[in-house]
Structure formats: C-alpha cells, structure tokens
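Text of target34.cif, listed as mmCIF, C-alpha atoms:
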```cif
data_final
loop_
_atom_site.label_atom_id
_atom_site.label_comp_id
_atom_site.auth_asym_id
_atom_site.auth_seq_id
_atom_site.Cartn_x
_atom_site.Cartn_y
_atom_site.Cartn_z
CA MET J 81 39.96 -101.18 -45.23
CA LYS J 82 39.11 -103.42 -42.28
CA HIS J 83 35.50 -104.03 -41.40
CA LYS J 84 34.50 -102.87 -37.95
CA LEU J 85 33.98 -105.86 -35.65
CA ASN J 86 30.53 -106.33 -34.16
CA ARG J 87 30.34 -105.35 -30.53
CA GLU J 88 29.94 -108.17 -28.05
CA GLN J 89 26.30 -108.72 -27.15
CA ILE J 90 25.20 -109.02 -23.53
CA LEU J 91 21.66 -109.65 -22.28
CA ILE J 92 20.60 -108.56 -18.80
CA ALA J 93 17.33 -110.21 -17.86
CA GLY J 94 15.49 -108.31 -15.15
CA CYS J 95 17.28 -105.05 -15.79
CA GLY J 96 16.40 -103.08 -12.64
CA ASP J 97 18.74 -101.10 -10.40
CA ILE J 98 21.69 -103.50 -10.31
CA GLY J 99 21.14 -104.64 -13.89
CA SER J 100 21.00 -101.08 -15.17
CA GLN J 101 24.18 -100.05 -13.35
CA LEU J 102 25.89 -103.19 -14.65
CA GLY J 103 24.65 -102.45 -18.16
CA LEU J 104 25.89 -98.87 -18.11
CA ASN J 105 29.36 -100.05 -17.11
CA LEU J 106 29.37 -102.60 -19.92
CA VAL J 107 28.18 -100.02 -22.46
CA THR J 108 31.04 -97.75 -21.38
CA ALA J 109 33.39 -100.68 -21.97
CA GLY J 110 32.13 -100.93 -25.55
CA ARG J 111 29.65 -103.80 -25.23
CA GLN J 112 26.23 -103.93 -26.88
CA VAL J 113 23.85 -104.35 -23.96
CA PHE J 114 20.22 -105.46 -24.08
CA GLY J 115 17.98 -105.01 -21.05
CA LEU J 116 14.97 -107.31 -20.80
CA ARG J 117 12.10 -106.15 -18.61
CA ARG J 118 8.38 -105.50 -18.79
CA ASN J 119 8.71 -101.71 -18.85
CA ILE J 120 11.67 -100.65 -20.95
CA ASN J 121 10.88 -96.95 -20.53
CA GLN J 122 12.80 -97.07 -17.25
CA LEU J 123 16.03 -98.24 -18.85
CA PRO J 124 18.87 -95.71 -18.93
CA PRO J 125 20.09 -94.43 -22.32
CA GLY J 126 22.62 -96.74 -23.94
CA ILE J 127 20.90 -99.99 -22.97
CA GLN J 128 18.71 -101.41 -25.74
CA GLY J 129 15.35 -102.46 -24.40
CA ILE J 130 13.59 -105.78 -24.96
CA ALA J 131 10.03 -105.48 -23.67
CA ALA J 132 9.14 -108.94 -22.38
CA ASP J 133 7.74 -110.82 -19.39
CA LEU J 134 9.84 -113.78 -18.25
CA SER J 135 6.70 -115.53 -17.01
CA GLN J 136 5.14 -115.30 -20.50
CA PRO J 137 7.13 -117.44 -22.97
CA ASP J 138 5.37 -115.97 -26.01
CA THR J 139 6.87 -112.55 -25.22
CA LEU J 140 10.47 -113.80 -25.27
CA LEU J 141 11.07 -113.04 -28.93
CA ASN J 142 13.83 -111.32 -30.88
CA LEU J 143 16.63 -112.13 -28.44
CA PRO J 144 20.20 -111.15 -29.41
CA GLN J 145 21.40 -113.71 -31.97
CA GLN J 146 25.13 -113.33 -31.23
CA LEU J 147 24.71 -113.37 -27.46
CA ASP J 148 27.97 -113.78 -25.53
CA THR J 149 26.88 -113.41 -21.89
CA LEU J 150 23.55 -113.67 -20.10
CA PHE J 151 23.03 -112.07 -16.69
CA TYR J 152 19.85 -113.14 -14.88
CA VAL J 153 19.33 -110.33 -12.36
CA VAL J 154 15.65 -110.58 -11.53
CA ALA J 155 13.90 -109.11 -8.48
CA ALA J 156 10.71 -110.91 -7.45
CA GLY J 157 8.86 -107.72 -6.53
CA SER J 158 7.02 -109.16 -3.54
CA ARG J 159 7.48 -111.87 -0.93
CA ASP J 160 4.81 -114.12 -2.36
CA GLU J 161 5.56 -117.75 -3.16
CA SER J 162 3.86 -117.74 -6.56
CA VAL J 163 5.64 -114.50 -7.51
CA TYR J 164 9.00 -116.01 -6.53
CA ARG J 165 8.30 -119.11 -8.59
CA ARG J 166 7.40 -117.08 -11.67
CA ALA J 167 10.46 -114.83 -11.26
CA TYR J 168 13.11 -117.47 -10.65
CA PRO J 169 12.68 -121.12 -11.72
CA ASP J 170 9.86 -120.47 -14.19
CA GLY J 171 11.46 -117.33 -15.63
CA MET J 172 14.88 -118.98 -15.90
CA HIS J 173 13.35 -122.03 -17.60
CA ASN J 174 11.31 -119.91 -20.03
CA LEU J 175 14.30 -117.79 -21.05
CA LEU J 176 16.55 -120.81 -21.57
CA GLN J 177 13.84 -122.44 -23.69
CA ALA J 178 13.48 -119.29 -25.79
CA LEU J 179 17.25 -119.14 -26.38
CA GLN J 180 17.28 -122.78 -27.42
CA GLN J 181 14.31 -122.37 -29.76
CA GLN J 182 16.00 -119.38 -31.41
CA GLY J 183 19.31 -121.21 -31.79
CA ILE J 184 21.17 -118.87 -29.43
CA HIS J 185 24.09 -120.32 -27.45
CA PRO J 186 25.63 -117.92 -24.89
CA ARG J 187 29.22 -118.43 -23.83
CA GLN J 188 28.50 -117.68 -20.15
CA LEU J 189 25.49 -117.45 -17.83
CA PHE J 190 25.39 -115.62 -14.49
CA PHE J 191 22.43 -116.30 -12.23
CA ILE J 192 22.09 -113.84 -9.35
CA SER J 193 20.90 -115.65 -6.25
CA SER J 194 20.68 -114.91 -2.54
CA THR J 195 22.10 -116.03 0.79
CA ALA J 196 18.48 -116.93 1.65
CA VAL J 197 19.47 -120.41 0.44
CA TYR J 198 21.38 -120.94 3.71
CA HIS J 199 19.51 -122.27 6.76
CA GLN J 200 22.23 -121.74 9.38
CA GLN J 201 21.10 -119.56 12.29
CA ASN J 202 23.56 -120.08 15.13
CA ASP J 203 26.26 -117.58 14.08
CA GLU J 204 28.02 -120.15 11.87
CA TRP J 205 30.29 -119.13 9.03
CA VAL J 206 28.95 -120.18 5.63
CA ASP J 207 30.63 -120.33 2.25
CA GLU J 208 30.06 -121.88 -1.18
CA ARG J 209 30.46 -125.41 0.22
CA SER J 210 28.08 -125.01 3.14
CA ALA J 211 24.89 -127.05 3.31
CA THR J 212 21.76 -125.36 1.96
CA GLU J 213 18.58 -126.66 3.58
CA PRO J 214 16.34 -123.57 3.82
CA ASP J 215 13.06 -123.86 5.69
CA ASN J 216 11.57 -120.85 3.89
CA PHE J 217 9.99 -120.84 0.43
CA SER J 218 12.26 -118.10 -0.91
CA GLY J 219 15.41 -120.10 -0.22
CA ARG J 220 13.95 -123.34 -1.59
CA ILE J 221 12.71 -121.69 -4.79
CA MET J 222 16.03 -119.91 -5.30
CA LEU J 223 17.90 -123.20 -4.95
CA GLU J 224 15.61 -124.73 -7.56
CA ALA J 225 16.39 -121.87 -9.96
CA GLU J 226 20.12 -122.24 -9.27
CA GLN J 227 19.96 -125.87 -10.34
CA ILE J 228 18.17 -124.96 -13.57
CA ALA J 229 20.98 -122.51 -14.37
CA LEU J 230 23.75 -124.96 -13.44
CA HIS J 231 22.20 -127.72 -15.60
CA SER J 232 21.34 -125.45 -18.53
CA GLY J 233 24.13 -126.71 -20.79
CA ILE J 234 25.63 -123.20 -20.69
CA PRO J 235 28.74 -122.58 -18.55
CA ALA J 236 27.09 -121.01 -15.51
CA SER J 237 28.05 -119.33 -12.25
CA ILE J 238 25.71 -118.60 -9.37
CA VAL J 239 26.42 -115.38 -7.47
CA ARG J 240 24.74 -115.32 -4.05
CA PHE J 241 24.35 -111.78 -2.73
CA SER J 242 23.78 -111.10 0.96
CA GLY J 243 21.67 -108.13 2.11
CA ILE J 244 21.99 -105.42 -0.52
CA TYR J 245 22.16 -101.80 0.62
CA GLY J 246 22.89 -98.63 -1.29
CA PRO J 247 21.14 -95.74 -3.05
CA GLY J 248 17.39 -95.96 -2.64
CA ARG J 249 17.61 -98.83 -0.14
CA ASN J 250 17.04 -96.88 3.04
CA TYR J 251 14.99 -99.25 5.22
CA MET J 252 17.49 -99.45 8.08
CA LEU J 253 18.40 -95.77 7.88
CA SER J 254 14.71 -94.85 8.05
CA GLN J 255 14.16 -97.10 11.06
CA VAL J 256 17.17 -95.76 12.95
CA SER J 257 16.29 -92.14 12.12
CA ARG J 258 13.03 -92.74 14.02
CA GLY J 259 14.94 -94.09 17.02
CA ILE J 260 14.26 -97.77 16.25
CA GLY J 261 17.26 -100.06 16.67
CA HIS J 262 17.91 -103.75 17.14
CA PRO J 263 18.16 -105.56 20.49
CA ALA J 264 21.59 -106.67 21.68
CA GLU J 265 20.22 -109.97 22.99
CA PRO J 266 20.13 -112.36 21.38
CA PRO J 267 22.78 -111.00 19.00
CA ARG J 268 21.79 -111.56 15.37
CA TYR J 269 24.56 -111.48 12.81
CA SER J 270 23.78 -109.71 9.56
CA ASN J 271 25.58 -109.68 6.24
CA ARG J 272 25.52 -107.02 3.57
CA ILE J 273 26.94 -105.89 0.27
CA HIS J 274 26.80 -102.42 -1.24
CA ARG J 275 24.96 -102.09 -4.55
CA ASP J 276 28.15 -100.84 -6.19
CA ASP J 277 30.01 -103.98 -5.09
CA CYS J 278 27.20 -106.13 -6.51
CA VAL J 279 27.87 -104.45 -9.84
CA GLY J 280 31.64 -104.55 -9.32
CA ALA J 281 31.68 -108.26 -8.52
CA LEU J 282 29.58 -109.13 -11.58
CA LEU J 283 31.79 -107.02 -13.84
CA TYR J 284 34.90 -108.62 -12.39
CA LEU J 285 33.59 -112.19 -12.80
CA TYR J 286 32.48 -111.41 -16.36
CA GLN J 287 35.98 -110.22 -17.20
CA LEU J 288 37.51 -113.20 -15.42
CA SER J 289 35.30 -115.59 -17.42
CA LYS J 290 37.15 -114.49 -20.55
CA LYS J 291 40.40 -115.85 -19.13
CA GLN J 292 39.45 -118.94 -17.14
CA THR J 293 36.63 -121.28 -16.18
CA LEU J 294 34.71 -119.84 -13.26
CA LYS J 295 33.62 -121.67 -10.13
CA PRO J 296 29.94 -122.74 -10.11
CA ILE J 297 29.09 -120.66 -7.03
CA TYR J 298 30.36 -117.41 -5.52
CA LEU J 299 29.18 -115.89 -2.26
CA ALA J 300 29.22 -112.09 -2.52
CA SER J 301 29.15 -110.30 0.83
CA ASP J 302 31.44 -107.72 2.38
CA ASP J 303 34.29 -108.42 4.80
CA GLN J 304 32.42 -107.74 8.00
CA PRO J 305 29.40 -109.70 9.17
CA ALA J 306 28.12 -107.73 12.15
CA PRO J 307 25.47 -108.02 14.86
CA LEU J 308 22.45 -105.95 13.86
CA HIS J 309 22.46 -103.97 17.11
CA GLU J 310 26.04 -102.83 16.43
CA VAL J 311 25.05 -101.61 12.97
CA SER J 312 21.93 -99.79 14.19
CA ASP J 313 23.83 -98.20 17.11
CA TRP J 314 26.59 -97.03 14.76
CA LEU J 315 24.04 -95.56 12.36
CA ALA J 316 22.32 -93.78 15.25
CA ALA J 317 25.60 -92.18 16.26
CA GLN J 318 26.21 -91.03 12.69
CA LEU J 319 22.69 -89.63 12.41
CA GLY J 320 22.85 -88.01 15.85
CA VAL J 321 19.73 -89.76 17.12
CA GLU J 322 19.03 -91.79 20.23
CA ILE J 323 17.73 -95.35 20.04
CA THR J 324 14.48 -95.32 22.04
CA GLU J 325 13.02 -98.61 20.84
CA ARG J 326 14.58 -102.00 20.21
CA SER J 327 12.76 -104.18 17.68
CA ALA J 328 13.71 -107.55 16.19
CA HIS J 329 11.48 -106.92 13.17
CA ARG J 330 12.70 -108.40 9.85
CA THR J 331 15.55 -110.45 11.32
CA ILE J 332 16.04 -113.87 9.74
CA GLY J 333 18.53 -116.30 11.22
CA SER J 334 22.06 -115.44 12.31
CA LYS J 335 24.97 -116.53 10.12
CA ARG J 336 28.26 -115.10 8.91
CA CYS J 337 28.98 -115.09 5.19
CA SER J 338 32.53 -115.66 3.99
CA ASN J 339 33.70 -113.89 0.82
CA THR J 340 37.06 -115.72 0.76
CA LEU J 341 36.52 -117.39 -2.63
CA LEU J 342 35.49 -114.16 -4.34
CA LYS J 343 38.46 -112.29 -2.87
CA GLN J 344 40.86 -115.13 -3.74
CA SER J 345 39.65 -114.82 -7.33
CA GLY J 346 41.04 -111.27 -7.27
CA TYR J 347 38.01 -109.07 -6.57
CA ARG J 348 38.59 -106.10 -4.27
CA PHE J 349 35.62 -104.57 -2.50
CA ARG J 350 34.98 -100.87 -2.91
CA TYR J 351 33.10 -100.92 0.40
CA PRO J 352 34.56 -103.72 2.55
CA ASN J 353 32.30 -102.92 5.51
CA TYR J 354 29.27 -100.87 6.49
CA GLN J 355 31.42 -98.13 8.04
CA THR J 356 32.81 -97.32 4.58
CA GLY J 357 29.59 -97.94 2.67
CA TYR J 358 27.08 -95.93 4.67
CA PRO J 359 28.57 -92.39 4.99
CA GLU J 360 27.68 -91.39 1.42
CA LEU J 361 24.18 -92.84 1.88
CA ILE J 362 23.76 -90.97 5.15
CA ARG J 363 24.71 -87.67 3.52
CA ALA J 364 22.14 -88.26 0.77
CA PHE J 365 19.53 -89.34 3.34
CA LEU J 366 19.99 -86.15 5.37
CA ARG J 367 19.81 -83.82 2.37
#
```

Could you take the file, read its structure, and then write that structure out as structure tokens?
Amino acid sequence: MKHKLNREQILIAGCGDIGSQLGLNLVTAGRQVFGLRRNINQLPPGIQGIAADLSQPDTLLNLPQQLDTLFYVVAAGSRDESVYRRAYPDGMHNLLQALQQQGIHPRQLFFISSTAVYHQQNDEWVDERSATEPDNFSGRIMLEAEQIALHSGIPASIVRFSGIYGPGRNYMLSQVSRGIGHPAEPPRYSNRIHRDDCVGALLYLYQLSKKQTLKPIYLASDDQPAPLHEVSDWLAAQLGVEITERSAHRTIGSKRCSNTLLKQSGYRFRYPNYQTGYPELIRAFLR
C-alpha cells in the first residue's frame, strides 16, 4: 500500500482579502495553505492560521517546515510612513530571518508590490523595465522591500498591482453615486485591476513557476488605462446619476501601465477593462 504524499505547503503572509481568496483557490487545488496574520479568526475555513505580527520577530514561530511557496501579500493598513516601513521592508526582512533561523528554504517567493514605485506622470507607458524614481515615501519604501525580496537567496518574483477594485472596494462608486466625478482637464490616466484578476495572476504565476524560471518583475494591470473622468462618467451613466461636482481628490500622477509581459506569459484577464469588471459590483452596490 502506497503512503499518501504530503500536500504541498504554501504560506500566505498578510492573509487579507486577496490572500484569503488566493488561499481558498489553492486549498481547492489540494494544497496545504497557511495564512499568517495578527487576527486569524478572520481567516476562511480551510486555511490554517498562524497568529503572528510581521513587525515582531519573536512571534514568527512554528512556520511550515516543508514550505514550497511563500506569498507576501501584506496591506499596510494606513498611509503612514512608519506603518509602511513595518509592513514592507521590516516585515519582509523579519520573515526571511525567521525562515532562515528555522532552516526553512522555500522554492519560490512572490512579493506583492504596487505601481506606486513609478514616478512617471505625463501619460507615459510604463512596464517592468521602466525607471522607478518615486518622490513619495510609499513608492520608495516599496522599492526597498522589493530589493530585499529579490536578494533573499530565494527565487523571487515581484508582482506590481495597479489600483485594485472589486468587492468591498467601493470608493469610486460611492463618490460617483453622490454626483462627484473627475475633471476632464487635465486628463489623468488611471490604471486598475480587479481583485479576482489579482488572485488569478498570482495563481497563474505560481503554476508557471513549476515549469519555468519566472521573470523578476511582473506588472499586473488590466488592458485599458483610462482617463479618470471617462471612468467616472461611465459609472454615472450606469448608476443613472448626474455628475454635479468635479473633484481631483486622490489623483496621483498620470501614467499608463502595460501588462504585455504578463499576457505574453500566458495569463488571460477575467476582466480586461473596467466596463467588464464593474457591472457585477454595481449590481451589488445598488442592492
């Protein structure tokens, strides 16, 4: 009688919305998934909780000994420089140290980053080879964390997400529903990716990593960078409201993110643009 093989172990550090959805998909695929976060009571059934704080090295105990893949999917929680530092470079460093001290050697590391690392603001196209010289602390700190991951001694890929939208992320819908849109001048290009494509891209790259060496950086954004006023006007039409106020609040730069490398690798977007991604969210918002 053959012994049953141990299930492949995967650790998701910072197991929030995206991490939990990713974990559930991996559990369904037969993987043993561990979710590391401060409050493990919020983890969905099927994901094994590790209660720990990435900013506190002495809590990073009892990590999976046969770890195959590490996903670092941390959300800072607030736009505060010290919080960002604890969440990204410090947290990444602490976790890597804990793995080393416990003699754990993952096959693959994925660090989830952000397009905040790009400084371009004149409608330029950016991709994985574009210069990154951010003038904001979030971009600089994220770049620092990326370097820690890339020089960790573990085969690593950075996945830079653009603006994430999806269930529970209703900022723009809420604004537009109150008649607040974006000004047409100057046009400000925006880039987005649906939460489900964040999960889909990570799953795809994980599967691809079993077959070939991955690129060090992937930019994950949908097919259609779009001026913010076009998006808000389209949403207003779908919601049946009139834009009565134009505000440039929360706009940062103006660039266009290229997903060519990710698509050339074979990934196919479930929601290639906002017109396909928003209808389901609008129906839920109006319920």

- Task: Work out how far apart atom CA of Asp215 of chain J and atom CA of Gln200 of chain J are and give it in Å to one decimal.
- Result: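 Value for the atom CA of Asp215 of chain J-atom CA of Gln200 of chain J distance: 10.1 Å.
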
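Minimum distance to Pro144 of chain J across J:Gly126, J:Pro169, J:Pro186, J:Gly94 (counting all atoms listed in the file) occurs at J:Pro186.
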
- Considering all atoms listed in the file, state which residue in the set J:Asn216, J:Leu282, J:Phe241, J:Gly183 is at the smallest distance from Leu106 of chain J. J:Leu282

- Protein, DNA and RNA residues within 10 Å of (25.4, -97.6, -17.7), all atoms listed in the file, as a PyMOL selection string: chain J and resi 99-109+113+123-127

- Message: For the provided coordinates, the residues matched by the PyMOL selection byres ((chain J and resi 268-279) around 7) should be stated as a list in words.
- Response: Ile98, Gln101, Leu102, Asp203, Ser242, Gly243, Ile244, Tyr245, Gly246, Pro266, Pro267, Gly280, Ala281, Leu282, Leu283, Ser301, Asp302, Pro305, Ala306, Pro307, Leu308, Ser334, Lys335, Arg336, Cys337, Phe349, Arg350, Tyr351 and Gly357 of chain J

- Item | Between atom CA of Leu294 of chain J and atom CA of Thr356 of chain J, distance in Å (one decimal) |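 Interatomic distance, atom CA of Leu294 of chain J to atom CA of Thr356 of chain J: 28.8 Å.
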
- Message: Report as a ChimeraX atom specification all protein, DNA and RNA residues lying within 10 Å of Ile323 of chain J, evaluated on all atoms listed in the file, omitting residues in the same chain fewer than 6 positions from it.
- Response: /J:255-262,312-313,315-317

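In this model, the gap between atom CA of Val197 of chain J and atom CA of Arg220 of chain J comes to 6.6 Å.
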
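Around Ala364 of chain J, within 12 Å and counting all atoms listed in the file, the residues found are Gly246, Pro247, Gly248, Arg249, Asn250, Leu253, Leu319, Tyr358 and Pro359 of chain J, once anything fewer than 5 positions away on its own chain is removed.
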
Can you sort out the box for segment 266-273 of chain J, edges along x, y and z, all listed atoms in, 3 Å on every side, with centre and edge lengths in Å to one decimal, as AutoDock Vina command-line options?
```
--center_x 23.5 --center_y -109.1 --center_z 10.8 --size_x 12.8 --size_y 12.5 --size_z 27.1
```

- Message: Could you check the closest approach to Gln287 of chain J for each of J:Gly129, J:Thr149, J:Leu134, J:Asn142 and tell me which residue wins, using all atoms listed in the file?
- Response: J:Thr149

- Message: Report as JSON, numbers by chain all protein, DNA and RNA residues lying within 7 Å of Val154 of chain J, evaluated on all atoms listed in the file, omitting residues in the same chain fewer than 2 positions from it.
- Response: {"J": [93, 94, 152, 156, 167]}

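Distances here use only C-alpha atoms; by that measure, the residue among J:Met252, J:Leu366, J:Ile234, J:Ile192 closest to Ile297 of chain J is J:Ile192.
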
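Among the candidate residues J:Pro352, J:Pro263, J:Gly333, J:Pro235, the one lying nearest to Gln304 of chain J is J:Pro352, with distances computed using all atoms listed in the file.
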
- Item | Selection: 12 Å around Ala211 of chain J, only C-alpha atoms, excl. self and same-chain fewer than 6 positions, as a list in words |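 The residues satisfying every condition are Thr195, Val197, Tyr198, His199, Gln200, Glu204, Trp205 and Leu223 of chain J.
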
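Closest approach to Ala264 of chain J among J:Val311, J:Leu342, J:Leu176, J:Leu116: J:Val311, based on all atoms listed in the file.
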
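Every protein, DNA or RNA residue with an atom at most 10 Å from Ile221 of chain J, where only C-alpha atoms count and chain neighbours fewer than 6 positions away do not, is listed here: Glu161, Ser162, Tyr164, Arg165, Arg166, Ala167, Tyr168, Pro169, Asp170, Ala196, Val197 and Pro214 of chain J.
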
- Could you pull out every residue with an atom within 12 Å of (41.2, -115.0, 7.1), file coordinates, counting all atoms listed in the file, and send them as JSON, numbers by chain? {"J": [205, 303, 304, 338, 339, 340, 341, 343, 344]}

- Message: Please expand the PyMOL selection byres ((chain J and resi 151) around 7) into the concrete residues it hits in this file, giving the result as a PyMOL selection string.
- Response: chain J and resi 91-93+149-150+152-153+189-191

- Item | Given the PyMOL selection byres ((chain J and resi 209) around 10), the residues it picks as a list of chain:residue names |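 Selected by the PyMOL selection byres ((chain J and resi 209) around 10) here: J:Val206, J:Asp207, J:Glu208, J:Ser210, J:Ala211, J:Thr212, J:Ile297, J:Tyr298, J:Leu299.
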